[in-house]
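One structure is given below, encoded as structure tokens.
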Amino acid sequence: MILLPAIDMKDGKAVRLKKGDFKEVTVYSDKPYEIALEFERCGAGFIHLVDLDGALAGHSVNEEAVKKITSTVDIPCEIGGGIRSIGAIEYALSLGVYRVILGTSAVNDPDFVSEAVERFGPERIVVGIDAKNGLVATHGWERVSELTAVDMALDMKDRGVRTVIYTDISRDGMLTGPNIEQTKQLSEKTELDIIASGGVSCMEDLERLNDAGISGSIIGKAYYEKKIDLEEAVKRFS
């Protein structure tokens, strides 16, 4: 199981939100690249970046912070948040990230995902499925659709997608443990590489995800609140 420590960016700073609420912001650093360096020192093989401002604006916002991170560390990064066109994908990749995460755009325009996979390859395109009560949410989690996470994932698979980041919004930033049951169900029903996001609070949560056959896990608040020793976790699970 691959571990992806996360840096969520707002106004150029590393922050965390509670349940995706932009009013519930905790700032952890005004130098996100320093956190990325620490992730690298701990042995992380991938870094998960989120442009929170971009998710709401619909276009890249924290470019300078992203460029500083990708030019500072030698491990690959992925980024999501506001990437809704081929041009936006090209621009994100030009900042030095290895792959991009399509969220709202994948819900609103599935054909766009097909085009992106065909153009850039499945290793460069990841789809983020964020759900509330099993239903897909979009636009920085501000809107909830009538599409189920499983149905969307199966559609994405048909379009050439191999990797899905699944976030249970009710668990995100709450340190209450990931939704193992729904994450495992998504993995088994789709046979995609599912990366769990939201709620990981301790090493036992990682162990449960690993035992459930989940391909990867994003670690956010648990790292910042010192609930998980990243170096130890990487040695244990990667």
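Note on naming: chains are A, B, ... as they come in the structure tokens, residues start from 1 per chain, ligands start from 1 in the order shown.
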May I have the residues within 10 Å of region 121-127 of chain A as a ChimeraX atom specification, using only C-alpha atoms and disregarding those fewer than 5 positions away in the same chain?
-> /A:78-80,89,93,97-107,113-116,152-153,156-157,159-166,193-194
Test item: residues at most 10 Å from Cys77 (chain A), only C-alpha atoms, excluding those fewer than 3 positions along its chain, as a PyMOL selection string | chain A and resi 4+6+36+45-49+66+69-70+73-74+93+96-100
When distances are computed from only C-alpha atoms, which of A:Gly198, A:Arg171, A:Phe120, A:Ala137 shows the smallest separation from Glu90 (chain A)?
->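 The answer is A:Phe120, which sits nearest to Glu90 (chain A).
Pairwise distance (CA of Glu231 (chain A), CA of Gly43 (chain A)) equals 6.3 Å.
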Region 42-116 of chain A residues near region 10-15 of chain A within 7 Å, closest pair each, using only C-alpha atoms, as CSV:
residue,atom,partner,partner_atom,distance
A:Asp51,CA,A:Lys10,CA,6.7
A:Leu52,CA,A:Lys10,CA,5.6
A:Asp53,CA,A:Lys10,CA,5.7
A:Asn62,CA,A:Gly12,CA,5.7
A:Ala65,CA,A:Gly12,CA,5.7
Would you work out the distance separating CA of Arg84 (chain A) from CA of Val136 (chain A), expressed in Å to one decimal?
->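 That distance, rounded to one decimal, is 16.7 Å.
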Determine which residues of region 19-143 of chain A receive a DSSP assignment of helix (DSSP H, G or I), computed from the backbone, and state them as a PyMOL selection string.
-> chain A and resi 32-41+52-57+63-72+86-94+104-108+110-120
Take the residues from that selection and put them in a file with C-alpha atoms, as a short mmCIF file (atom, residue, chain, number, x, y, z; two decimals), in the first residue's frame.
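Final file, again-v7.cif:
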data_model
loop_
_atom_site.label_atom_id
_atom_site.label_comp_id
_atom_site.auth_asym_id
_atom_site.auth_seq_id
_atom_site.Cartn_x
_atom_site.Cartn_y
_atom_site.Cartn_z
CA PRO A 32 4.56 24.21 2.12
CA TYR A 33 7.83 23.18 0.44
CA GLU A 34 9.40 22.65 3.87
CA ILE A 35 6.67 20.13 4.68
CA ALA A 36 7.32 18.41 1.35
CA LEU A 37 11.00 18.12 2.23
CA GLU A 38 10.06 16.47 5.51
CA PHE A 39 7.81 14.01 3.66
CA GLU A 40 10.75 13.13 1.44
CA ARG A 41 13.04 12.69 4.44
CA LEU A 52 -8.18 24.43 -2.35
CA ASP A 53 -8.55 27.88 -3.85
CA GLY A 54 -8.44 26.30 -7.30
CA ALA A 55 -11.21 23.85 -6.42
CA LEU A 56 -13.56 26.77 -5.79
CA ALA A 57 -12.25 29.09 -8.51
CA GLU A 63 1.03 27.88 -8.77
CA GLU A 64 4.02 29.41 -7.02
CA ALA A 65 3.69 27.12 -4.02
CA VAL A 66 3.36 24.10 -6.32
CA LYS A 67 6.43 25.03 -8.37
CA LYS A 68 8.46 25.54 -5.20
CA ILE A 69 7.48 22.08 -3.97
CA THR A 70 8.17 20.24 -7.22
CA SER A 71 11.52 21.98 -7.66
CA THR A 72 12.54 21.22 -4.07
CA ILE A 86 -6.96 20.03 -21.33
CA GLY A 87 -5.10 23.31 -21.07
CA ALA A 88 -5.34 23.19 -17.27
CA ILE A 89 -3.89 19.67 -17.28
CA GLU A 90 -1.01 20.77 -19.49
CA TYR A 91 -0.40 23.76 -17.23
CA ALA A 92 -0.43 21.63 -14.06
CA LEU A 93 2.02 19.18 -15.59
CA SER A 94 4.23 22.10 -16.62
CA THR A 104 -15.70 18.14 -10.62
CA SER A 105 -14.79 18.00 -14.31
CA ALA A 106 -15.05 14.20 -14.28
CA VAL A 107 -18.61 14.39 -12.95
CA ASN A 108 -19.80 17.19 -15.21
CA PRO A 110 -17.06 12.35 -18.39
CA ASP A 111 -16.00 12.61 -22.04
CA PHE A 112 -13.33 15.05 -20.90
CA VAL A 113 -11.81 12.23 -18.84
CA SER A 114 -11.74 9.97 -21.90
CA GLU A 115 -9.96 12.68 -23.86
CA ALA A 116 -7.48 13.34 -21.04
CA VAL A 117 -6.58 9.65 -20.62
CA GLU A 118 -6.16 9.24 -24.36
CA ARG A 119 -3.95 12.31 -24.59
CA PHE A 120 -1.80 12.03 -21.49
#
For CA of Leu95 (chain A) and CA of Pro76 (chain A), the interatomic separation in Å (one decimal) |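 For CA of Leu95 (chain A) relative to CA of Pro76 (chain A), the distance reads 11.8 Å.
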Out of region 58-227 of chain A, which residues get strand (DSSP E or B) from DSSP, as a PyMOL selection string?
-> chain A and resi 77-80+99-102+125-132+135-138+143-148+163-168+193-197+216-219
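In this comparison, which uses only C-alpha atoms, the residue of A:Lys18, A:Ser215, A:Ser170, A:Ser201 approaching Ser187 (chain A) most closely is A:Ser215.
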